[in-house]
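Have a look at coords-v4.cif below; it lists mmCIF, C-alpha atoms.
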```
data_upload
loop_
_atom_site.label_atom_id
_atom_site.label_comp_id
_atom_site.auth_asym_id
_atom_site.auth_seq_id
_atom_site.Cartn_x
_atom_site.Cartn_y
_atom_site.Cartn_z
CA LYS Z 68 2.82 35.76 -8.07
CA CYS Z 69 5.66 33.78 -9.64
CA ASN Z 70 7.26 33.37 -6.21
CA ILE Z 71 3.95 32.13 -4.81
CA CYS Z 72 3.58 29.63 -7.69
CA SER Z 73 7.16 28.46 -7.20
CA GLY Z 74 6.53 28.01 -3.48
CA LYS Z 75 3.39 25.95 -4.16
CA GLU Z 76 5.28 23.76 -6.62
CA GLN Z 77 8.06 23.15 -4.09
CA LEU Z 78 5.53 22.34 -1.38
CA MET Z 79 3.70 19.98 -3.75
CA SER Z 80 6.96 18.23 -4.66
CA MET Z 81 7.94 17.76 -1.01
CA ASN Z 82 4.47 16.48 -0.12
CA LEU Z 83 4.58 14.02 -3.00
CA PHE Z 84 8.09 12.88 -2.07
CA TRP Z 85 7.27 12.14 1.58
CA GLY Z 86 3.79 10.86 0.80
CA ILE Z 87 5.25 8.24 -1.52
CA LEU Z 88 8.02 7.27 0.91
CA ILE Z 89 6.03 7.08 4.18
CA PRO Z 90 4.44 3.66 3.49
CA PHE Z 91 7.81 2.26 2.41
CA ILE Z 92 9.50 3.68 5.54
CA GLY Z 93 6.84 2.00 7.68
CA THR Z 94 7.59 -1.42 6.13
CA THR Z 95 11.35 -0.88 6.45
CA LEU Z 96 11.16 0.09 10.13
CA GLY Z 97 8.99 -2.94 10.84
CA ALA Z 98 11.41 -5.23 9.02
CA ALA Z 99 14.27 -3.75 11.09
CA CYS Z 100 12.70 -5.31 14.21
CA VAL Z 101 14.60 -8.45 13.27
CA PHE Z 102 17.81 -6.76 14.49
CA PHE Z 103 16.39 -5.97 17.94
CA MET Z 104 14.11 -8.88 18.78
CA LYS Z 105 15.52 -12.24 19.78
CA SER Z 106 12.41 -14.30 19.13
CA MET Z 107 9.23 -14.44 17.09
CA LEU Z 108 6.19 -12.43 18.04
CA GLY Z 109 3.66 -14.50 19.94
CA ASP Z 110 0.57 -15.68 18.07
CA GLN Z 111 -1.70 -13.39 20.09
CA VAL Z 112 0.52 -10.38 19.41
CA GLN Z 113 0.67 -11.20 15.70
CA ARG Z 114 -3.12 -11.50 15.55
CA ALA Z 115 -3.54 -8.21 17.38
CA LEU Z 116 -1.08 -6.42 15.07
CA THR Z 117 -2.69 -7.92 11.97
CA GLY Z 118 -6.13 -6.87 13.21
CA PHE Z 119 -4.82 -3.37 13.96
CA ALA Z 120 -3.31 -3.13 10.46
CA ALA Z 121 -6.61 -4.26 8.96
CA GLY Z 122 -8.54 -1.67 10.97
CA VAL Z 123 -6.23 1.14 9.89
CA MET Z 124 -6.54 0.16 6.24
CA VAL Z 125 -10.34 -0.14 6.38
CA ALA Z 126 -10.54 3.35 7.91
CA ALA Z 127 -8.08 4.79 5.37
CA SER Z 128 -9.95 3.10 2.52
CA ILE Z 129 -13.28 4.61 3.58
CA TRP Z 130 -12.24 8.15 4.54
CA SER Z 131 -9.40 8.73 2.08
CA LEU Z 132 -10.60 6.71 -0.92
CA LEU Z 133 -14.27 5.71 -1.06
CA ILE Z 134 -15.87 8.86 0.40
CA PRO Z 135 -13.73 11.21 -1.77
CA ALA Z 136 -14.63 9.04 -4.80
CA ILE Z 137 -18.34 9.55 -4.08
CA ASP Z 138 -17.82 13.28 -3.42
CA GLN Z 139 -16.04 13.70 -6.76
CA SER Z 140 -19.05 12.16 -8.51
CA ASP Z 141 -21.68 14.39 -6.88
CA SER Z 142 -22.70 15.69 -10.33
CA MET Z 143 -24.32 12.28 -10.86
CA GLY Z 144 -26.81 12.99 -8.09
CA LYS Z 145 -28.26 9.87 -6.46
CA TRP Z 146 -26.01 7.72 -8.67
CA SER Z 147 -22.79 9.25 -7.29
CA PHE Z 148 -21.95 5.96 -5.58
CA VAL Z 149 -21.65 4.07 -8.89
CA PRO Z 150 -18.02 4.99 -9.81
CA ALA Z 151 -16.84 4.09 -6.30
CA THR Z 152 -18.72 0.78 -6.40
CA VAL Z 153 -17.45 -0.15 -9.86
CA GLY Z 154 -13.87 0.76 -8.96
CA PHE Z 155 -14.15 -1.12 -5.65
CA TRP Z 156 -15.03 -4.37 -7.40
CA ILE Z 157 -12.43 -3.89 -10.14
CA GLY Z 158 -9.85 -3.49 -7.36
CA ILE Z 159 -10.97 -6.73 -5.72
CA LEU Z 160 -10.74 -8.59 -9.03
CA PHE Z 161 -7.31 -7.02 -9.71
CA LEU Z 162 -5.94 -8.33 -6.41
CA LEU Z 163 -7.56 -11.71 -7.05
CA LEU Z 164 -5.78 -11.81 -10.43
CA LEU Z 165 -2.43 -11.08 -8.77
CA ASP Z 166 -3.19 -13.82 -6.26
CA HIS Z 167 -3.55 -16.31 -9.13
CA VAL Z 168 -0.56 -15.28 -11.26
CA ILE Z 169 2.10 -14.75 -8.54
CA PRO Z 170 3.35 -17.78 -6.57
CA HIS Z 171 3.24 -17.02 -2.84
CA LEU Z 172 3.01 -18.62 0.58
CA HIS Z 173 1.07 -17.25 3.52
CA GLN Z 174 2.38 -17.47 7.07
CA HIS Z 175 1.47 -20.69 8.95
CA SER Z 176 0.57 -22.30 5.62
CA GLU Z 177 2.36 -25.32 4.16
CA LYS Z 178 0.80 -25.16 0.70
CA ALA Z 179 1.84 -22.44 -1.76
CA GLU Z 180 -0.77 -20.54 -3.76
CA GLY Z 181 -0.69 -19.34 -7.34
CA PRO Z 182 1.11 -21.12 -10.20
CA LYS Z 183 3.54 -23.92 -9.41
CA SER Z 184 7.14 -22.79 -9.02
CA HIS Z 185 10.49 -23.86 -7.64
CA LEU Z 186 10.93 -20.72 -5.56
CA GLU Z 187 12.20 -21.02 -2.00
CA ARG Z 188 9.68 -20.99 0.82
CA THR Z 189 11.08 -17.72 2.18
CA THR Z 190 10.82 -16.06 -1.23
CA MET Z 191 7.16 -17.03 -1.55
CA MET Z 192 6.45 -15.64 1.94
CA VAL Z 193 7.85 -12.28 0.81
CA LEU Z 194 5.76 -12.42 -2.37
CA ALA Z 195 2.62 -12.93 -0.26
CA VAL Z 196 3.12 -9.49 1.33
CA THR Z 197 4.34 -7.93 -1.93
CA LEU Z 198 1.04 -8.96 -3.56
CA HIS Z 199 -1.10 -6.37 -1.81
CA ASN Z 200 1.68 -3.77 -1.49
CA ILE Z 201 1.39 -3.20 -5.27
CA PRO Z 202 -2.21 -1.86 -5.16
CA GLU Z 203 -1.38 -0.01 -1.91
CA GLY Z 204 1.32 1.93 -3.74
CA MET Z 205 -1.07 2.59 -6.62
CA ALA Z 206 -3.68 3.87 -4.12
CA VAL Z 207 -1.21 6.39 -2.72
CA GLY Z 208 -0.30 7.48 -6.24
CA VAL Z 209 -3.94 7.95 -7.25
CA VAL Z 210 -4.71 10.03 -4.14
CA TYR Z 211 -1.73 12.29 -4.78
CA VAL Z 212 -2.76 12.71 -8.41
CA GLY Z 213 -6.09 13.92 -7.07
CA TYR Z 214 -4.32 16.19 -4.58
CA SER Z 215 -2.16 17.76 -7.27
CA PHE Z 216 -5.19 18.26 -9.53
CA ALA Z 217 -7.10 19.89 -6.66
CA LEU Z 218 -4.26 22.36 -6.03
CA VAL Z 219 -4.08 23.29 -9.69
CA SER Z 220 -7.85 23.83 -9.65
CA GLY Z 221 -7.57 26.04 -6.58
CA GLY Z 222 -8.84 23.42 -4.11
CA GLU Z 223 -7.33 21.52 -1.22
CA GLY Z 224 -6.56 17.82 -0.94
CA PHE Z 225 -3.37 17.26 1.02
CA ALA Z 226 -5.07 16.25 4.28
CA GLY Z 227 -6.75 13.22 2.72
CA ALA Z 228 -3.63 12.20 0.81
CA ALA Z 229 -1.42 12.54 3.90
CA ALA Z 230 -3.93 10.60 6.01
CA LEU Z 231 -3.89 7.69 3.56
CA ALA Z 232 -0.08 7.65 3.34
CA MET Z 233 0.23 7.75 7.14
CA GLY Z 234 -2.43 5.07 7.54
CA ILE Z 235 -0.66 2.73 5.15
CA GLY Z 236 2.69 3.54 6.77
CA ILE Z 237 1.35 2.69 10.25
CA GLN Z 238 -0.15 -0.61 9.15
CA ASN Z 239 3.02 -1.44 7.23
CA PHE Z 240 5.12 -1.35 10.41
CA PRO Z 241 3.68 -4.54 11.94
CA GLU Z 242 3.50 -5.96 8.42
CA GLY Z 243 7.28 -5.53 8.00
CA ALA Z 244 7.90 -7.23 11.34
CA ILE Z 245 5.51 -10.06 10.57
CA ILE Z 246 7.45 -10.85 7.36
CA SER Z 247 11.05 -10.42 8.61
CA LEU Z 248 10.72 -12.28 11.92
CA PRO Z 249 9.24 -15.47 10.38
CA LEU Z 250 12.01 -15.39 7.76
CA ARG Z 251 14.52 -15.30 10.61
CA ALA Z 252 12.71 -18.19 12.30
CA GLU Z 253 12.93 -20.13 9.02
CA GLY Z 254 16.73 -19.95 9.32
CA ALA Z 255 17.54 -16.86 7.28
CA LYS Z 256 20.28 -14.52 8.46
CA LYS Z 257 19.14 -11.26 10.06
CA SER Z 258 20.32 -9.25 7.06
CA LYS Z 259 18.48 -11.54 4.61
CA ALA Z 260 15.33 -11.48 6.76
CA PHE Z 261 15.46 -7.68 6.83
CA MET Z 262 15.95 -7.52 3.07
CA GLY Z 263 12.87 -9.70 2.62
CA GLY Z 264 10.70 -7.14 4.42
CA PHE Z 265 12.51 -4.27 2.70
CA LEU Z 266 11.96 -5.67 -0.79
CA SER Z 267 8.30 -6.48 -0.09
CA GLY Z 268 7.73 -2.78 0.56
CA ILE Z 269 9.78 -1.26 -2.24
CA VAL Z 270 7.03 -2.01 -4.76
CA GLU Z 271 4.85 0.63 -3.05
CA PRO Z 272 6.83 3.74 -4.07
CA ILE Z 273 7.38 2.17 -7.51
CA GLY Z 274 3.63 1.65 -7.95
CA ALA Z 275 2.93 5.18 -6.70
CA VAL Z 276 5.46 6.80 -9.05
CA LEU Z 277 4.17 4.88 -12.09
CA THR Z 278 0.62 5.93 -11.23
CA ILE Z 279 1.62 9.59 -10.84
CA LEU Z 280 3.46 9.52 -14.18
CA ALA Z 281 0.20 8.48 -15.79
CA ALA Z 282 -1.64 11.39 -14.10
CA GLY Z 283 -2.90 12.89 -17.37
CA LEU Z 284 -4.76 9.69 -18.16
CA LEU Z 285 -6.03 9.14 -14.61
CA VAL Z 286 -7.67 12.46 -13.75
CA PRO Z 287 -10.88 11.85 -15.79
CA VAL Z 288 -11.45 8.48 -14.06
CA LEU Z 289 -10.22 9.34 -10.55
CA PRO Z 290 -13.49 8.34 -8.80
CA TYR Z 291 -13.22 4.85 -10.26
CA LEU Z 292 -9.53 4.53 -9.36
CA LEU Z 293 -10.00 5.80 -5.83
#
```
Encoding of this model in structure tokens:
Amino acid sequence: KCNICSGKEQLMSMNLFWGILIPFIGTTLGAACVFFMKSMLGDQVQRALTGFAAGVMVAASIWSLLIPAIDQSDSMGKWSFVPATVGFWIGILFLLLLDHVIPHLHQHSEKAEGPKSHLERTTMMVLAVTLHNIPEGMAVGVVYVGYSFALVSGGEGFAGAAALAMGIGIQNFPEGAIISLPLRAEGAKKSKAFMGGFLSGIVEPIGAVLTILAAGLLVPVLPYLL
């Protein structure tokens, strides 16, 4: 029995390790496109990739976050949707808050958003992507907290957690390219453009780890956080 428990713990640790890293790896690989591509992606290609990334995240949000949140609240009967709805709107307001307190610049935009700052244009472009990578990392962390809790309780949960991590990783690939290639077009060296995409994604594993460390506090409110 001890060997079985030890094996489960090792499997859980490996799953957590790769689950946290997959989204970051996706961003890094996308940012590395700057070393292999000689020119910017065309507008149509960028729109298609952005739309694809949005579709992946919508699907991952529904199947790996919102539906599990409702399922975990089934004891509330017909009101089981309430925690998911409340958490959904808190998440929107959280991202809106970040949008107001962090100076950033969206692609194809001349006017920076957020508080006034003297940051370089390229730095603010990186911050624009970093903005939503923070809650993405937290989302992965929350799902893996739920996965770990399910295993301890004798249930299963890895499939949903892995699906979310893979979904975010896939959509992060074009995201990494869309940040590094414009930085290159702005005049940055290839290495600096790559680092811009790399750094925009590193907040994801940091956010995930911080969320997992707070697991004891999160388990009772998992439906809201999902």
d(atom CA of Ile237 of chain Z, atom CA of Thr94 of chain Z) in Å: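 We find that atom CA of Ile237 of chain Z and atom CA of Thr94 of chain Z lie 8.5 Å from each other.
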Pick from Z:Leu198, Z:Val149, Z:Ala136, Z:Ala282 nearest to Phe161 of chain Z, counting only C-alpha atoms: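 Closest candidate: Z:Leu198.
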Target residues per the PyMOL selection byres ((chain Z and resi 95) around 8), formatted as a list of chain:residue names: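 When the PyMOL selection byres ((chain Z and resi 95) around 8) is applied, the selected residues are Z:Phe91, Z:Ile92, Z:Gly93, Z:Thr94, Z:Leu96, Z:Gly97, Z:Ala98, Z:Ala99, Z:Phe240, Z:Gly243, Z:Phe261, Z:Gly264, Z:Phe265, Z:Gly268.
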Selected residue, from Z:Met124, Z:Ile134, Z:Met191, Z:Ile235, that lies nearest to Ile169 of chain Z when counting all atoms listed in the file: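 Ranking Z:Met124, Z:Ile134, Z:Met191, Z:Ile235 by distance to Ile169 of chain Z, first place goes to Z:Met191.
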Resolved residues for the PyMOL selection byres ((chain Z and resi 86) around 12) as a ChimeraX atom specification: /Z:78-85,87-93,204,206-212,214,225-236,271-272,275-276,279
For segment 94-118 of chain Z, supply N, CA and C atoms and report the output as a PDB file, in the coordinates of the input.
```pdb
ATOM      1  N   THR Z  94       7.211  -0.008   6.348  1.00  0.00           N
ATOM      2  CA  THR Z  94       7.590  -1.420   6.130  1.00  0.00           C
ATOM      3  C   THR Z  94       9.037  -1.653   6.527  1.00  0.00           C
ATOM      4  N   THR Z  95       9.926  -0.730   6.159  1.00  0.00           N
ATOM      5  CA  THR Z  95      11.350  -0.880   6.450  1.00  0.00           C
ATOM      6  C   THR Z  95      11.623  -0.875   7.947  1.00  0.00           C
ATOM      7  N   LEU Z  96      10.973   0.029   8.675  1.00  0.00           N
ATOM      8  CA  LEU Z  96      11.160   0.090  10.130  1.00  0.00           C
ATOM      9  C   LEU Z  96      10.642  -1.193  10.791  1.00  0.00           C
ATOM     10  N   GLY Z  97       9.518  -1.691  10.294  1.00  0.00           N
ATOM     11  CA  GLY Z  97       8.990  -2.940  10.840  1.00  0.00           C
ATOM     12  C   GLY Z  97       9.922  -4.106  10.574  1.00  0.00           C
ATOM     13  N   ALA Z  98      10.468  -4.155   9.358  1.00  0.00           N
ATOM     14  CA  ALA Z  98      11.410  -5.230   9.020  1.00  0.00           C
ATOM     15  C   ALA Z  98      12.669  -5.153   9.867  1.00  0.00           C
ATOM     16  N   ALA Z  99      13.056  -3.939  10.287  1.00  0.00           N
ATOM     17  CA  ALA Z  99      14.270  -3.750  11.090  1.00  0.00           C
ATOM     18  C   ALA Z  99      14.129  -4.330  12.494  1.00  0.00           C
ATOM     19  N   CYS Z 100      12.908  -4.680  12.898  1.00  0.00           N
ATOM     20  CA  CYS Z 100      12.700  -5.310  14.210  1.00  0.00           C
ATOM     21  C   CYS Z 100      13.514  -6.592  14.361  1.00  0.00           C
ATOM     22  N   VAL Z 101      13.855  -7.198  13.231  1.00  0.00           N
ATOM     23  CA  VAL Z 101      14.600  -8.450  13.270  1.00  0.00           C
ATOM     24  C   VAL Z 101      15.976  -8.263  13.907  1.00  0.00           C
ATOM     25  N   PHE Z 102      16.503  -7.037  13.893  1.00  0.00           N
ATOM     26  CA  PHE Z 102      17.810  -6.760  14.490  1.00  0.00           C
ATOM     27  C   PHE Z 102      17.737  -6.566  15.999  1.00  0.00           C
ATOM     28  N   PHE Z 103      16.530  -6.304  16.520  1.00  0.00           N
ATOM     29  CA  PHE Z 103      16.390  -5.970  17.940  1.00  0.00           C
ATOM     30  C   PHE Z 103      15.624  -7.001  18.749  1.00  0.00           C
ATOM     31  N   MET Z 104      14.903  -7.877  18.069  1.00  0.00           N
ATOM     32  CA  MET Z 104      14.110  -8.880  18.780  1.00  0.00           C
ATOM     33  C   MET Z 104      14.759 -10.250  18.653  1.00  0.00           C
ATOM     34  N   LYS Z 105      14.827 -10.951  19.762  1.00  0.00           N
ATOM     35  CA  LYS Z 105      15.520 -12.240  19.780  1.00  0.00           C
ATOM     36  C   LYS Z 105      14.611 -13.399  19.384  1.00  0.00           C
ATOM     37  N   SER Z 106      13.317 -13.184  19.425  1.00  0.00           N
ATOM     38  CA  SER Z 106      12.410 -14.300  19.130  1.00  0.00           C
ATOM     39  C   SER Z 106      11.215 -13.797  18.316  1.00  0.00           C
ATOM     40  N   MET Z 107      10.437 -14.750  17.859  1.00  0.00           N
ATOM     41  CA  MET Z 107       9.230 -14.440  17.090  1.00  0.00           C
ATOM     42  C   MET Z 107       8.203 -13.743  17.956  1.00  0.00           C
ATOM     43  N   LEU Z 108       7.344 -12.980  17.332  1.00  0.00           N
ATOM     44  CA  LEU Z 108       6.190 -12.430  18.040  1.00  0.00           C
ATOM     45  C   LEU Z 108       5.242 -13.561  18.389  1.00  0.00           C
ATOM     46  N   GLY Z 109       4.623 -13.486  19.555  1.00  0.00           N
ATOM     47  CA  GLY Z 109       3.660 -14.500  19.940  1.00  0.00           C
ATOM     48  C   GLY Z 109       2.445 -14.475  19.027  1.00  0.00           C
ATOM     49  N   ASP Z 110       1.733 -15.595  18.959  1.00  0.00           N
ATOM     50  CA  ASP Z 110       0.570 -15.680  18.070  1.00  0.00           C
ATOM     51  C   ASP Z 110      -0.468 -14.612  18.395  1.00  0.00           C
ATOM     52  N   GLN Z 111      -0.703 -14.391  19.699  1.00  0.00           N
ATOM     53  CA  GLN Z 111      -1.700 -13.390  20.090  1.00  0.00           C
ATOM     54  C   GLN Z 111      -1.281 -11.989  19.661  1.00  0.00           C
ATOM     55  N   VAL Z 112       0.014 -11.703  19.805  1.00  0.00           N
ATOM     56  CA  VAL Z 112       0.520 -10.380  19.410  1.00  0.00           C
ATOM     57  C   VAL Z 112       0.409 -10.214  17.899  1.00  0.00           C
ATOM     58  N   GLN Z 113       0.767 -11.265  17.152  1.00  0.00           N
ATOM     59  CA  GLN Z 113       0.670 -11.200  15.700  1.00  0.00           C
ATOM     60  C   GLN Z 113      -0.770 -10.978  15.257  1.00  0.00           C
ATOM     61  N   ARG Z 114      -1.709 -11.658  15.905  1.00  0.00           N
ATOM     62  CA  ARG Z 114      -3.120 -11.500  15.550  1.00  0.00           C
ATOM     63  C   ARG Z 114      -3.587 -10.078  15.855  1.00  0.00           C
ATOM     64  N   ALA Z 115      -3.150  -9.563  17.007  1.00  0.00           N
ATOM     65  CA  ALA Z 115      -3.540  -8.210  17.380  1.00  0.00           C
ATOM     66  C   ALA Z 115      -2.978  -7.185  16.397  1.00  0.00           C
ATOM     67  N   LEU Z 116      -1.705  -7.352  16.020  1.00  0.00           N
ATOM     68  CA  LEU Z 116      -1.080  -6.420  15.070  1.00  0.00           C
ATOM     69  C   LEU Z 116      -1.726  -6.508  13.695  1.00  0.00           C
ATOM     70  N   THR Z 117      -2.036  -7.732  13.269  1.00  0.00           N
ATOM     71  CA  THR Z 117      -2.690  -7.920  11.970  1.00  0.00           C
ATOM     72  C   THR Z 117      -4.074  -7.285  11.977  1.00  0.00           C
ATOM     73  N   GLY Z 118      -4.807  -7.478  13.081  1.00  0.00           N
ATOM     74  CA  GLY Z 118      -6.130  -6.870  13.210  1.00  0.00           C
ATOM     75  C   GLY Z 118      -6.044  -5.346  13.217  1.00  0.00           C
TER      76      GLY Z 118
END
```
